[in-house]
Amino acid sequence: MSKFKKKKEGDLPAVNTASLPDIVFMLLFFFMTVTVMKDSSLMIKNELPYADQIQKLDKKDRVIYIYAGKPSERYQSTYGSAAKIQLNDKFADVSDVASYILAERAKKREELQNVLTTALKVDEETNMGLVSDIKQELRKVNALKINYTTRKGDAFRNMQ
């Protein structure tokens with residue numbers, strides 16, 4: 001009788017799962033650090049107009065967004081169907097735009113405060129009177145760099 005037994009043929013070695021929790025936690029921490037949270041939820045209808053000559057903004061941290069349009073169906077019973085301005089997650093009046101810009105400017109780093117761009121995301125059915133009022137308020141606080149956010153496409157589609 002022999003002291004040593006031969007290994008059975010066809011047996012596979014067990015998979016070592018000792019490092020699996022480390023990998024899972026490493027992935028969890030990675031996604032927690034690189035995920036961007038949603039800034040604000042839209043409370044207005046925001047169908048952007050079409051434009052054929054557009055440029056993409058390089059740095060999103062230098063942009064302050066102002067939304068304008070009719071309230072979505074969910075909010076029309078409370079706020080009516082006239083075009084409104086949305087700043088962050090709240091409806092606002094035209095007179096609130098200047099203080100909003102100053103507050104957002106104060107949140108930014110000092111070297112970015114002079115290069116901020118105000119992006120107007122205006123619904124295609126919103127009248128230009130509201131946009132002009134917003135621009136007047138922006139002039140009061142010297143926020144003169146304005147960007148109109150649009151969709152890429154043929155500009156003649158706006159007339160249909």
# chains A, B, ... in the order shown; residues from 1 in each chain; ligands from 1
call {"tool": "select_by_dssp", "arguments": {"residues": "segment 34-96 of chain A", "states": "helix (DSSP H, G or I)", "output": "list of chain:residue names"}}
result
A:Val34, A:Lys60, A:Asp61, A:Arg62, A:Glu73, A:Arg74, A:Tyr75, A:Gln76, A:Ser77, A:Thr78, A:Tyr79, A:Val94, A:Ser95, A:Asp96
call {"tool": "closest_atom_pairs", "arguments": {"of": "segment 60-84 of chain A", "to": "segment 100-120 of chain A", "cutoff": "8 Å", "atoms": "only C-alpha atoms", "output": "CSV"}}
result
residue,atom,partner,partner_atom,distance
A:Arg62,CA,A:Leu116,CA,4.8
A:Val63,CA,A:Thr117,CA,4.8
A:Ile64,CA,A:Thr118,CA,4.8
A:Tyr65,CA,A:Ala119,CA,4.9
A:Ile66,CA,A:Leu120,CA,5.1
A:Tyr67,CA,A:Leu120,CA,6.1
A:Ala68,CA,A:Leu120,CA,7.6
call {"tool": "write_last_selection", "arguments": {"atoms": "N, CA and C atoms", "output": "JSON list (two decimals), in the first residue's frame"}}
result
[["chain", "number", "residue", "atom", "x", "y", "z"],
["A", 62, "ARG", "N", -18.17, 77.40, -15.07],
["A", 62, "ARG", "CA", -18.21, 78.86, -15.26],
["A", 62, "ARG", "C", -19.56, 79.33, -15.79],
["A", 63, "VAL", "N", -20.59, 78.51, -15.68],
["A", 63, "VAL", "CA", -21.89, 78.82, -16.26],
["A", 63, "VAL", "C", -22.95, 78.89, -15.16],
["A", 64, "ILE", "N", -23.78, 79.92, -15.23],
["A", 64, "ILE", "CA", -24.94, 80.06, -14.35],
["A", 64, "ILE", "C", -26.18, 79.92, -15.23],
["A", 65, "TYR", "N", -27.07, 79.01, -14.89],
["A", 65, "TYR", "CA", -28.23, 78.71, -15.73],
["A", 65, "TYR", "C", -29.48, 79.43, -15.24],
["A", 66, "ILE", "N", -30.23, 79.98, -16.20],
["A", 66, "ILE", "CA", -31.54, 80.57, -15.95],
["A", 66, "ILE", "C", -32.51, 79.93, -16.93],
["A", 67, "TYR", "N", -33.58, 79.33, -16.41],
["A", 67, "TYR", "CA", -34.58, 78.67, -17.23],
["A", 67, "TYR", "C", -35.81, 79.56, -17.35],
["A", 68, "ALA", "N", -36.43, 79.55, -18.53],
["A", 68, "ALA", "CA", -37.67, 80.33, -18.74],
["A", 68, "ALA", "C", -38.59, 79.54, -19.64]]
call {"tool": "residues_around", "arguments": {"residues": "Asp89 of chain A", "least_positions_apart": "4", "cutoff": "8 Å", "atoms": "only C-alpha atoms", "output": "PyMOL selection string"}}
result
chain A and resi 40-43
call {"tool": "write_last_selection", "arguments": {"atoms": "C-alpha atoms", "output": "PDB file, in the first residue's frame"}}
result
ATOM      1  CA  SER A  40     -31.924  71.055 -10.525  1.00  0.00           C
ATOM      2  CA  SER A  41     -35.139  69.486 -11.728  1.00  0.00           C
ATOM      3  CA  LEU A  42     -37.069  71.325 -14.406  1.00  0.00           C
ATOM      4  CA  MET A  43     -40.426  72.716 -13.375  1.00  0.00           C
TER       5      MET A  43
END
call {"tool": "closest_atom_pairs", "arguments": {"of": "segment 44-94 of chain A", "to": "segment 125-141 of chain A", "cutoff": "12 Å", "atoms": "only C-alpha atoms", "output": "Markdown table"}}
result
| residue | atom | partner | partner_atom | distance |
| --- | --- | --- | --- | --- |
| A:Ile44 | CA | A:Thr126 | CA | 11.0 |
| A:Lys45 | CA | A:Glu125 | CA | 9.4 |
| A:Asn46 | CA | A:Glu125 | CA | 9.0 |
| A:Glu47 | CA | A:Glu125 | CA | 8.1 |
| A:Leu48 | CA | A:Glu125 | CA | 9.0 |
| A:Pro49 | CA | A:Glu125 | CA | 8.7 |
| A:Ile64 | CA | A:Leu138 | CA | 11.6 |
| A:Ile66 | CA | A:Ile134 | CA | 9.1 |
| A:Tyr67 | CA | A:Val131 | CA | 10.2 |
| A:Ala68 | CA | A:Thr126 | CA | 7.3 |
| A:Gly69 | CA | A:Thr126 | CA | 5.6 |
| A:Lys70 | CA | A:Thr126 | CA | 7.3 |
| A:Pro71 | CA | A:Thr126 | CA | 11.0 |
| A:Ser81 | CA | A:Thr126 | CA | 11.2 |
| A:Ala82 | CA | A:Thr126 | CA | 8.9 |
| A:Ala83 | CA | A:Thr126 | CA | 6.3 |
| A:Lys84 | CA | A:Leu130 | CA | 8.4 |
| A:Ile85 | CA | A:Leu130 | CA | 8.6 |
| A:Gln86 | CA | A:Ile134 | CA | 11.5 |
| A:Leu87 | CA | A:Ile134 | CA | 11.7 |
| A:Ala92 | CA | A:Ile134 | CA | 11.2 |
| A:Asp93 | CA | A:Ile134 | CA | 9.5 |
| A:Val94 | CA | A:Ile134 | CA | 6.1 |
call {"tool": "write_last_selection", "arguments": {"atoms": "C-alpha atoms", "output": "PDB file, in the first residue's frame"}}
result
ATOM      1  CA  ILE A  44     -41.052  74.327 -16.753  1.00  0.00           C
ATOM      2  CA  LYS A  45     -41.597  73.136 -20.299  1.00  0.00           C
ATOM      3  CA  ASN A  46     -38.231  73.542 -21.992  1.00  0.00           C
ATOM      4  CA  GLU A  47     -38.269  72.801 -25.721  1.00  0.00           C
ATOM      5  CA  LEU A  48     -35.162  74.595 -26.916  1.00  0.00           C
ATOM      6  CA  PRO A  49     -35.201  76.307 -30.332  1.00  0.00           C
ATOM      7  CA  ILE A  64     -24.941  80.058 -14.352  1.00  0.00           C
ATOM      8  CA  ILE A  66     -31.541  80.572 -15.945  1.00  0.00           C
ATOM      9  CA  TYR A  67     -34.577  78.669 -17.234  1.00  0.00           C
ATOM     10  CA  ALA A  68     -37.666  80.331 -18.735  1.00  0.00           C
ATOM     11  CA  GLY A  69     -40.872  78.859 -20.088  1.00  0.00           C
ATOM     12  CA  LYS A  70     -44.405  77.840 -19.283  1.00  0.00           C
ATOM     13  CA  PRO A  71     -44.800  75.730 -16.140  1.00  0.00           C
ATOM     14  CA  SER A  81     -49.868  78.866 -17.703  1.00  0.00           C
ATOM     15  CA  ALA A  82     -47.974  82.139 -18.274  1.00  0.00           C
ATOM     16  CA  ALA A  83     -44.228  81.922 -18.866  1.00  0.00           C
ATOM     17  CA  LYS A  84     -42.165  81.870 -15.671  1.00  0.00           C
ATOM     18  CA  ILE A  85     -38.514  82.077 -14.702  1.00  0.00           C
ATOM     19  CA  GLN A  86     -36.928  79.167 -12.852  1.00  0.00           C
ATOM     20  CA  LEU A  87     -33.795  79.760 -10.785  1.00  0.00           C
ATOM     21  CA  ALA A  92     -38.912  83.498  -9.460  1.00  0.00           C
ATOM     22  CA  ASP A  93     -39.851  86.966 -10.607  1.00  0.00           C
ATOM     23  CA  VAL A  94     -37.744  89.070 -12.941  1.00  0.00           C
TER      24      VAL A  94
END
call {"tool": "atom_distance", "arguments": {"atom1": "atom CA of Ala155 of chain A", "atom2": "atom CA of Asp52 of chain A"}}
result
5.9 Å
call {"tool": "atom_distance", "arguments": {"atom1": "atom CA of Met26 of chain A", "atom2": "atom CA of Asp61 of chain A"}}
result
27.4 Å
call {"tool": "select_by_dssp", "arguments": {"residues": "segment 62-157 of chain A", "states": "strand (DSSP E or B)", "output": "mmCIF file with N, CA and C atoms, in the first residue's frame"}}
result
data_model
loop_
_atom_site.group_PDB
_atom_site.id
_atom_site.type_symbol
_atom_site.label_atom_id
_atom_site.label_comp_id
_atom_site.auth_asym_id
_atom_site.auth_seq_id
_atom_site.Cartn_x
_atom_site.Cartn_y
_atom_site.Cartn_z
ATOM 1 N N VAL A 63 -20.587 78.510 -15.681
ATOM 2 C CA VAL A 63 -21.890 78.824 -16.259
ATOM 3 C C VAL A 63 -22.947 78.889 -15.158
ATOM 4 N N ILE A 64 -23.782 79.915 -15.231
ATOM 5 C CA ILE A 64 -24.941 80.058 -14.352
ATOM 6 C C ILE A 64 -26.176 79.922 -15.234
ATOM 7 N N TYR A 65 -27.068 79.005 -14.889
ATOM 8 C CA TYR A 65 -28.226 78.710 -15.731
ATOM 9 C C TYR A 65 -29.475 79.434 -15.237
ATOM 10 N N ILE A 66 -30.226 79.981 -16.201
ATOM 11 C CA ILE A 66 -31.541 80.572 -15.945
ATOM 12 C C ILE A 66 -32.507 79.929 -16.935
ATOM 13 N N TYR A 67 -33.579 79.335 -16.408
ATOM 14 C CA TYR A 67 -34.577 78.669 -17.234
ATOM 15 C C TYR A 67 -35.808 79.556 -17.355
ATOM 16 N N ALA A 68 -36.434 79.554 -18.530
ATOM 17 C CA ALA A 68 -37.666 80.331 -18.735
ATOM 18 C C ALA A 68 -38.595 79.540 -19.643
ATOM 19 N N GLY A 69 -39.869 79.552 -19.292
ATOM 20 C CA GLY A 69 -40.872 78.859 -20.088
ATOM 21 C C GLY A 69 -42.154 78.694 -19.309
ATOM 22 N N PRO A 71 -44.894 76.825 -17.119
ATOM 23 C CA PRO A 71 -44.800 75.730 -16.140
ATOM 24 C C PRO A 71 -45.292 74.417 -16.745
ATOM 25 N N LYS A 84 -42.800 81.580 -16.957
ATOM 26 C CA LYS A 84 -42.165 81.870 -15.671
ATOM 27 C C LYS A 84 -40.660 81.694 -15.788
ATOM 28 N N ILE A 85 -39.957 82.230 -14.803
ATOM 29 C CA ILE A 85 -38.514 82.077 -14.702
ATOM 30 C C ILE A 85 -38.233 81.067 -13.599
ATOM 31 N N GLN A 86 -37.325 80.124 -13.870
ATOM 32 C CA GLN A 86 -36.928 79.167 -12.852
ATOM 33 C C GLN A 86 -35.453 79.373 -12.540
ATOM 34 N N LEU A 87 -35.164 79.620 -11.275
ATOM 35 C CA LEU A 87 -33.795 79.760 -10.785
ATOM 36 C C LEU A 87 -33.559 78.624 -9.800
ATOM 37 N N LYS A 90 -36.697 76.781 -7.982
ATOM 38 C CA LYS A 90 -37.804 77.639 -7.574
ATOM 39 C C LYS A 90 -38.224 78.550 -8.716
ATOM 40 N N PHE A 91 -39.531 78.837 -8.755
ATOM 41 C CA PHE A 91 -39.996 79.869 -9.665
ATOM 42 C C PHE A 91 -39.641 81.223 -9.073
ATOM 43 N N ALA A 92 -39.336 82.186 -9.940
ATOM 44 C CA ALA A 92 -38.912 83.498 -9.460
ATOM 45 C C ALA A 92 -39.488 84.589 -10.356
ATOM 46 N N THR A 117 -20.385 82.979 -17.300
ATOM 47 C CA THR A 117 -21.317 83.134 -18.401
ATOM 48 C C THR A 117 -22.705 82.781 -17.893
ATOM 49 N N THR A 118 -23.695 83.566 -18.271
ATOM 50 C CA THR A 118 -25.077 83.274 -17.917
ATOM 51 C C THR A 118 -25.725 82.591 -19.115
ATOM 52 N N ALA A 119 -26.183 81.360 -18.912
ATOM 53 C CA ALA A 119 -26.820 80.597 -19.986
ATOM 54 C C ALA A 119 -28.327 80.669 -19.819
ATOM 55 N N LEU A 120 -28.992 81.157 -20.839
ATOM 56 C CA LEU A 120 -30.447 81.239 -20.834
ATOM 57 C C LEU A 120 -30.999 80.031 -21.580
ATOM 58 N N LYS A 121 -31.726 79.194 -20.865
ATOM 59 C CA LYS A 121 -32.399 78.048 -21.475
ATOM 60 C C LYS A 121 -33.871 78.416 -21.562
ATOM 61 N N VAL A 122 -34.251 78.977 -22.700
ATOM 62 C CA VAL A 122 -35.576 79.540 -22.885
ATOM 63 C C VAL A 122 -36.375 78.648 -23.822
ATOM 64 N N ILE A 146 -23.633 86.432 -22.088
ATOM 65 C CA ILE A 146 -24.879 85.674 -22.137
ATOM 66 C C ILE A 146 -24.787 84.634 -23.245
ATOM 67 N N ASN A 147 -25.268 83.453 -22.937
ATOM 68 C CA ASN A 147 -25.303 82.357 -23.895
ATOM 69 C C ASN A 147 -26.747 81.885 -24.011
ATOM 70 N N TYR A 148 -27.236 81.736 -25.235
ATOM 71 C CA TYR A 148 -28.562 81.173 -25.462
ATOM 72 C C TYR A 148 -28.386 79.701 -25.800
ATOM 73 N N ARG A 151 -30.813 73.758 -29.507
ATOM 74 C CA ARG A 151 -30.580 72.424 -30.053
ATOM 75 C C ARG A 151 -29.958 72.577 -31.427
ATOM 76 N N LYS A 152 -29.145 71.614 -31.816
ATOM 77 C CA LYS A 152 -28.532 71.677 -33.130
ATOM 78 C C LYS A 152 -29.546 71.231 -34.173
#
call {"tool": "atom_distance", "arguments": {"atom1": "atom CA of Thr149 of chain A", "atom2": "atom CA of Lys56 of chain A"}}
result
9.4 Å
